[in-house]
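Undergrad: To start, I am sharing the structure in question, which I have written as C-alpha cells.
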Amino acid sequence: MAGAGIFSEIIEEEVYKYYAEGEWRKSSSGKSVPIINPTTRKPEYKVQACTQEEVNKVIEGAKAAQKAWARTPLWKRAELLHRAAAILKDNKGPIGECLVKEIAKPAKDAVTEVVRSGDLISYTAEEGVRILGEGKFLVSDSFPGNERTKYCLTSKIPLGVVLAIPPFNYPVNLAVSKIAPALIAGNAFVLKPPTQGAVAALHMVHCFHLTGFPKGLMSCITGKGSEIGDFLTMHPGINCISFTGGDTAIAISKKAGMIPLQMELGGKYACIILEDADLDLAASNVVKGGFSYSGQRCTAVKVVLVMETVADAVVDKVKAKVEKLTVGPPEEDCDITPVVTESSANFIESLVMDAKEKGATFCQEYRREGNLIWPLLLDHVRPDMRIAWEEPFGPVLPVIRISSVEEGIHHCNASNFGLQGSIFTRDINKAIMISDAMETGTVQINSAPARGPDHFPFQGLKESGIGSQGITNSINMMIKVKSTVINLPSPSYSLG
Ligand code: G3H
C-alpha cells in the first residue's frame with residue numbers, strides 16, 4: 001500500500017510531505033492540494049501546498065550543497081546513482097500503485113515506467129563517468145599568428161541548480177531523465193512534480209533519500225502552480241530548467257533568465273502510409289502508437305495520413321484492432337483507461353464534436369463515461385477540422401486521406417509542432433527522402449513513435465521544444481565547458 005513500509009515517513013495525517021534539506025516536511029502554509037483519482041473522480045491523495053518562502057529556502061540549501069557535490073569524485077556520484085536505481089526498482093510495486101491511482105496508468109505500464117526509470121538512472125551514471133571524465137587539450141599554434149606558447153585545458157563543470165518539471169504522463173520517468181543527468185554532472189536539483197503524479201514522484205525522491213545523497217542537494221516542492229510556478233521558474237537561484245509538458249513551456253521560456261532551457265511541449269505526430277507499405281505492420285503500429293496509455297503521450301500518433309488507394313484497407317485493419325482494445329480501469333490493466341482529468345476529457349470531446357459537425361466519419365460510436373473515453377477512429381478528416389491540427393492527448397485518432405506524398409509532407413510541415421513523424425513504405429530511398437523533407441525532430445521508418453530507448457536523442461522542432469534530450473544530450477546540456485590556459489614563455493626563452 002502507498003505510504004506503508006519504507007514510505008511511512010513521507011506522509012502524516014493523510015497529507016504527503018515535501019522534501020527539503022534531507023528531510024520530509026509539512027508546509028508552513030497549513031494547506032494541501034488534493035489529487036483526484038481519474039477513475040473514481042474522487043480525491044485520492046493530498047500533497048503540501050508549499051510557499052514561496054519554502055522555495056527560497058530549498059534553493060538556498062541547494063546552492064550550498066551543490067558546491068560540495070561538485071567536488072565529490074565522479075565515481076562516488078555514479079555509485080550513489082546506481083544505488084538509487086536499485087532502491088527504485090525494488091519499490092516498483094508501491095510506486096506503480098501510485099501511478100495507477102493518480103494518473104490511471106494501466107498497472108503493467110506503471111511498473112514498467114518505474115523499472116525503465118531505474119535503468120535510465122544506471123545508464124546515466126555509466127555514461128556520465130565517461131563523458132565527464134574527458135576534456136580537451138588544445139595548443140595555440142594551430143591558429144594563424146600564434147606561437148606554441150599557450151596550452152588550453154578544457155573540463156566540464158556543473159551549472160548549479162537544475163529545476164526539473166516533469167509532466168503528468170511520466171511523473172517518475174521524465175523526472176529521473178532530468179535529475180539523474182543533473183546529479184551525475186555535479187548539479188543540485190529542485191523537482192516540481194505535476195499535481196497528478198506528485199505522489200509517485202515523492203516516492204521516487206524517497207528512494208534517492210534512502211540512498212544517502214548529501215542534505216540539500218535534492219528537493220521536491222509540491223503545490224499550486226499559481227503560487228509557486230512563476231516564482232520557481234523566474235527564481236535567480238535557478239541555473240537551468242528542464243521541462244516537459246504543454247504550452248506552459250512557451251510562457252516559461254519567455255520569463256526565464258539567461259539560463260539553458262531544455263523543453264518538450266508535445267506534438268502532432270503524423271504517420272504517413274504509402275501504397276507500397278506493409279499494411280498490417282502499419283495498422284499494428286498505428287494502434288500501438290495512437291492508443292497506448294489512451295493516447296496520452298507526446299509521441300502518440302496524432303494524425304494518420306494515408307494514400308487514398310490503400311486508405312480503405314488501412315482503415316479496415318486499424319478498425320478491427322481498435323475494436324479489440326479493452327476499456328476500463330487501470331487496475332485491470334485495460335488498454336484504454338480514463339484520461340487524466342475531466343477538463344482533459346471535455347477538451348477531447350470538443351475536438352470530436354467539431355469533427356462530427358464538419359462531417360468526419362466515425363468508425364465507432366462515440367462513447368464517454370466520466371473521464372473514460374472509448375477508443376475512436378475518425379475517417380475522412382479534413383484540414384478544416386480542429387482535430388486535424390490540435391493535439392487531443394486522448395484515445396481518438398483522425399485519418400486524413402491524401403492523394404500524394406507531397407500532400408502528406410505538406411500537412412506534417414504545416415503543423416506548429418515538429419516532434420516526431422512516421423513513414424510506412426518498403427522503399428528505403430523514398431523513406432529517407434521523405435524523412436529529409438519532414439520538419440520533425442525524429443522520423444521513424446516503419447515503426448510507431450517513441451522517445452526511447454532512453455539514450456537516443458529526443459528533440460522537437462518548432463513549438464515541440466528547445467534543445468535535445470536523451471541521456472547523453474541531457475548530461476551535456478547540464479554542464480558548461482571551462483578552460484584553463486597555461487601560458488608559456490616566448491619561443492626565444494632558453495631552458496638552460
Ligand atoms: O509524453 C512524452 C514522452 O516523452 C513520450 O515518451 O515515447 O516513451 O512514451 P514515450
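Chains: A, B, ... in order of the C-alpha cells. Residues: from 1 per chain. Ligands: from 1, in order shown.
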Skipping near chain neighbours, those fewer than 2 positions away, what residues fall within 10 Å of range 247-250 of chain A using only C-alpha atoms, listed as a ChimeraX atom specification?
TA: /A:229,242-245,252-255,261-266,463-466
Undergrad: List the neighbours of range 95-104 of chain A out to 8 Å using only C-alpha atoms; skip same-chain residues closer than 3 positions along the sequence, and give me the result as a PDB file with C-alpha atoms, in the first residue's frame.
TA:
ATOM      1  CA  MET A   1       0.000   0.000   0.000  1.00  0.00           C
ATOM      2  CA  ALA A   2       1.255   3.507  -0.843  1.00  0.00           C
ATOM      3  CA  ILE A  35      -5.129  14.787  -6.168  1.00  0.00           C
ATOM      4  CA  ILE A  36      -8.207  13.392  -7.880  1.00  0.00           C
ATOM      5  CA  ASN A  37      -8.176   9.763  -8.983  1.00  0.00           C
ATOM      6  CA  PRO A  38      -9.095   9.909 -12.720  1.00  0.00           C
ATOM      7  CA  THR A  39     -11.021   6.629 -12.459  1.00  0.00           C
ATOM      8  CA  GLU A  44      -7.149  10.030  -3.638  1.00  0.00           C
ATOM      9  CA  ASN A  91       9.937  -0.428  -4.938  1.00  0.00           C
ATOM     10  CA  LYS A  92       8.326  -0.713  -8.348  1.00  0.00           C
ATOM     11  CA  ALA A 107      -0.964  -1.454 -13.897  1.00  0.00           C
ATOM     12  CA  ALA A 110       3.020   1.699 -14.362  1.00  0.00           C
ATOM     13  CA  VAL A 111       5.507  -0.903 -13.137  1.00  0.00           C
ATOM     14  CA  GLU A 113       7.750   3.030 -16.026  1.00  0.00           C
ATOM     15  CA  VAL A 114       9.497   2.526 -12.673  1.00  0.00           C
ATOM     16  CA  PHE A 168       1.728  14.008 -15.517  1.00  0.00           C
ATOM     17  CA  ASN A 169       2.076  11.176 -18.026  1.00  0.00           C
ATOM     18  CA  GLN A 196      -1.359  14.358 -10.876  1.00  0.00           C
ATOM     19  CA  GLY A 197       1.713  12.197 -10.386  1.00  0.00           C
ATOM     20  CA  VAL A 199       2.798  11.211  -5.002  1.00  0.00           C
ATOM     21  CA  ALA A 200       4.619   8.776  -7.310  1.00  0.00           C
ATOM     22  CA  HIS A 203       8.032   8.087  -3.527  1.00  0.00           C
ATOM     23  CA  MET A 204      10.766   8.175  -6.173  1.00  0.00           C
ATOM     24  CA  PRO A 329      -9.958   0.675 -15.013  1.00  0.00           C
ATOM     25  CA  PRO A 330      -6.143   0.793 -14.879  1.00  0.00           C
ATOM     26  CA  GLU A 331      -6.134  -1.741 -12.024  1.00  0.00           C
ATOM     27  CA  THR A 337      -8.230   3.840 -19.167  1.00  0.00           C
ATOM     28  CA  PRO A 338      -9.775   7.127 -18.001  1.00  0.00           C
ATOM     29  CA  VAL A 339      -7.944  10.241 -19.170  1.00  0.00           C
ATOM     30  CA  VAL A 340      -6.214  12.262 -16.510  1.00  0.00           C
TER      31      VAL A 340
END
Undergrad: Compile a residue-level contact table for chain A against ligand 1 at a cut-off of 8 Å, reporting for every qualifying residue the shortest atom pair and its distance in Å to one decimal, with only C-alpha atoms and all ligand atoms counted, rows ordered by chain and ascending number, as JSON lines.
TA:
{"residue": "A:Pro167", "atom": "CA", "partner": "ligand 1", "partner_atom_place_in_ligand_line": "1 (O)", "distance": 7.6}
{"residue": "A:Asn169", "atom": "CA", "partner": "ligand 1", "partner_atom_place_in_ligand_line": "1 (O)", "distance": 6.2}
{"residue": "A:Tyr170", "atom": "CA", "partner": "ligand 1", "partner_atom_place_in_ligand_line": "1 (O)", "distance": 6.9}
{"residue": "A:Leu174", "atom": "CA", "partner": "ligand 1", "partner_atom_place_in_ligand_line": "4 (O)", "distance": 7.1}
{"residue": "A:Thr244", "atom": "CA", "partner": "ligand 1", "partner_atom_place_in_ligand_line": "2 (C)", "distance": 7.5}
{"residue": "A:Gly245", "atom": "CA", "partner": "ligand 1", "partner_atom_place_in_ligand_line": "1 (O)", "distance": 7.8}
{"residue": "A:Glu264", "atom": "CA", "partner": "ligand 1", "partner_atom_place_in_ligand_line": "4 (O)", "distance": 7.8}
{"residue": "A:Gly266", "atom": "CA", "partner": "ligand 1", "partner_atom_place_in_ligand_line": "2 (C)", "distance": 6.7}
{"residue": "A:Gln296", "atom": "CA", "partner": "ligand 1", "partner_atom_place_in_ligand_line": "1 (O)", "distance": 6.8}
{"residue": "A:Arg297", "atom": "CA", "partner": "ligand 1", "partner_atom_place_in_ligand_line": "1 (O)", "distance": 3.7}
{"residue": "A:Cys298", "atom": "CA", "partner": "ligand 1", "partner_atom_place_in_ligand_line": "1 (O)", "distance": 3.7}
{"residue": "A:Thr299", "atom": "CA", "partner": "ligand 1", "partner_atom_place_in_ligand_line": "7 (O)", "distance": 5.0}
{"residue": "A:Ala300", "atom": "CA", "partner": "ligand 1", "partner_atom_place_in_ligand_line": "9 (O)", "distance": 7.3}
{"residue": "A:Pro449", "atom": "CA", "partner": "ligand 1", "partner_atom_place_in_ligand_line": "7 (O)", "distance": 6.3}
{"residue": "A:Ala450", "atom": "CA", "partner": "ligand 1", "partner_atom_place_in_ligand_line": "7 (O)", "distance": 3.4}
{"residue": "A:Arg451", "atom": "CA", "partner": "ligand 1", "partner_atom_place_in_ligand_line": "7 (O)", "distance": 3.7}
{"residue": "A:Gly452", "atom": "CA", "partner": "ligand 1", "partner_atom_place_in_ligand_line": "8 (O)", "distance": 5.3}
{"residue": "A:Pro453", "atom": "CA", "partner": "ligand 1", "partner_atom_place_in_ligand_line": "8 (O)", "distance": 7.9}
{"residue": "A:Asp454", "atom": "CA", "partner": "ligand 1", "partner_atom_place_in_ligand_line": "8 (O)", "distance": 7.9}
Undergrad: Using only C-alpha atoms for the distances, tell me which of A:Gly5, A:Gly290, A:Gly394, A:Pro171 is nearest to Thr195 in chain A.
TA: A:Pro171
Undergrad: Name the residues of range 167-289 of chain A that come out as strand (DSSP E) in a backbone DSSP run; write them as a list in words.
TA: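 Result set for range 167-289 of chain A (strand (DSSP E)): Ala188, Phe189, Val190, Leu191, Met218, Ser219, Cys220, Cys240, Ile241, Ser242, Phe243, Thr244, Leu261, Gln262, Met263, Glu264, Tyr269, Ala270, Cys271, Ile272 and Ile273 of chain A.
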Undergrad: Can you tell me how far CA of Ser468 in chain A sits from CA of Tyr269 in chain A, in Å to one decimal?
TA: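 That distance, rounded to one decimal, is 17.4 Å.
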Undergrad: Have a look at CA of Glu9 in chain A and CA of Pro94 in chain A and let me know their distance in Å, one decimal.
TA: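 Between these atoms lies a distance of 14.5 Å.
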Undergrad: Pick out the closest residue to Ile259 in chain A from this set: A:Ala185, A:Ile479, A:Val352, A:Ile10. Count only C-alpha atoms.
TA: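 Ranked by minimum distance to Ile259 in chain A, first place goes to A:Ile479.
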Undergrad: Please return, as a PyMOL selection string, all residues of range 201-448 of chain A that DSSP assigns to alpha helix (DSSP H) on the basis of the backbone.
TA: chain A and resi 201-211+230-233+248-255+279-291+308-322+342-357+405-414+428-437
Undergrad: Just to confirm, what's the straight-line distance from CA of Pro392 in chain A to CA of Pro166 in chain A in Å (one decimal)?
TA: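 Distance reported for this atom pair: 19.2 Å.
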Undergrad: Within 8 Å of range 272-285 of chain A, counting only C-alpha atoms, which residues qualify if same-chain residues fewer than 4 places away don't, as a PyMOL selection string?
TA: chain A and resi 289-290+304-307+309-310+313-314+317-318+321+405+408+421-427+446-448
Undergrad: For C-alpha atoms, I'd like the residues from the last selection saved as a short mmCIF file (atom, residue, chain, number, x, y, z; two decimals), in the first residue's frame.
TA:
data_model
loop_
_atom_site.label_atom_id
_atom_site.label_comp_id
_atom_site.auth_asym_id
_atom_site.auth_seq_id
_atom_site.Cartn_x
_atom_site.Cartn_y
_atom_site.Cartn_z
CA GLY A 289 1.19 4.46 -31.36
CA GLY A 290 -2.23 6.04 -31.26
CA VAL A 304 -2.74 9.27 -39.93
CA LEU A 305 -2.02 10.50 -43.47
CA VAL A 306 -2.77 7.58 -45.75
CA MET A 307 -2.66 7.33 -49.54
CA THR A 309 -5.52 3.99 -52.85
CA VAL A 310 -4.82 1.97 -49.68
CA ALA A 313 -7.67 -1.34 -46.41
CA VAL A 314 -5.72 0.52 -43.70
CA LYS A 317 -7.34 -3.14 -40.43
CA VAL A 318 -6.99 -0.38 -37.82
CA LYS A 321 -7.69 -3.80 -33.99
CA VAL A 405 3.25 12.06 -50.74
CA GLY A 408 1.27 14.30 -46.57
CA GLY A 421 6.76 11.53 -37.55
CA SER A 422 6.48 8.07 -39.13
CA ILE A 423 6.68 6.79 -42.68
CA PHE A 424 5.47 3.37 -43.73
CA THR A 425 6.94 2.20 -47.04
CA ARG A 426 9.04 -0.68 -48.37
CA ASP A 427 11.13 1.75 -50.44
CA ASN A 446 8.22 1.56 -40.40
CA SER A 447 7.50 1.91 -36.71
CA ALA A 448 5.35 3.67 -34.15
#
Undergrad: Please provide the set of residues having any atom within 10 Å of Ile238 in chain A, restricted to only C-alpha atoms, with same-chain residues fewer than 3 positions apart removed, written as a PyMOL selection string.
TA: chain A and resi 59-60+62-63+159-163+188-190+232-235+241+256-257+259
Undergrad: Produce a file of the selected residues containing C-alpha atoms, as a PDB file, in the first residue's frame.
TA:
ATOM      1  CA  ILE A  59      17.107  26.891  -3.470  1.00  0.00           C
ATOM      2  CA  GLU A  60      19.418  28.424  -0.883  1.00  0.00           C
ATOM      3  CA  ALA A  62      20.641  23.530  -2.937  1.00  0.00           C
ATOM      4  CA  LYS A  63      23.224  26.214  -3.743  1.00  0.00           C
ATOM      5  CA  LEU A 159      25.684  24.649 -13.964  1.00  0.00           C
ATOM      6  CA  GLY A 160      24.486  24.877 -10.354  1.00  0.00           C
ATOM      7  CA  VAL A 161      20.825  24.229  -9.512  1.00  0.00           C
ATOM      8  CA  VAL A 162      18.633  22.489 -12.094  1.00  0.00           C
ATOM      9  CA  LEU A 163      14.866  22.946 -11.910  1.00  0.00           C
ATOM     10  CA  ALA A 188      21.788  20.083  -7.328  1.00  0.00           C
ATOM     11  CA  PHE A 189      18.148  19.834  -8.340  1.00  0.00           C
ATOM     12  CA  VAL A 190      14.752  21.132  -7.308  1.00  0.00           C
ATOM     13  CA  LEU A 232      10.303  28.908  -9.273  1.00  0.00           C
ATOM     14  CA  THR A 233      10.929  29.352 -12.986  1.00  0.00           C
ATOM     15  CA  MET A 234      11.943  33.016 -12.602  1.00  0.00           C
ATOM     16  CA  HIS A 235      13.990  32.475  -9.445  1.00  0.00           C
ATOM     17  CA  ILE A 241      15.284  24.471 -16.438  1.00  0.00           C
ATOM     18  CA  ALA A 256      13.187  32.579 -17.551  1.00  0.00           C
ATOM     19  CA  GLY A 257      16.512  34.320 -17.159  1.00  0.00           C
ATOM     20  CA  ILE A 259      19.909  30.122 -18.427  1.00  0.00           C
TER      21      ILE A 259
END
Undergrad: Which one is closest to Thr484 in chain A: A:Ala270, A:Leu183, A:Val139, A:Val172? Count only C-alpha atoms.
TA: A:Val139
Undergrad: Out of A:Lys302, A:Lys430, A:His411, A:Lys178, which residue has the shortest atom-to-atom distance to Leu378 in chain A when counting only C-alpha atoms?
TA: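 Result for the nearest residue to Leu378 in chain A: A:Lys302.
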Undergrad: Identify which of the residues A:Leu351, A:Ile6, A:Ile432, A:Val15 lies closest to Leu397 in chain A, counting only C-alpha atoms when measuring atom-to-atom distances.
TA: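 The shortest atom-to-atom distance to Leu397 in chain A comes from A:Leu351.
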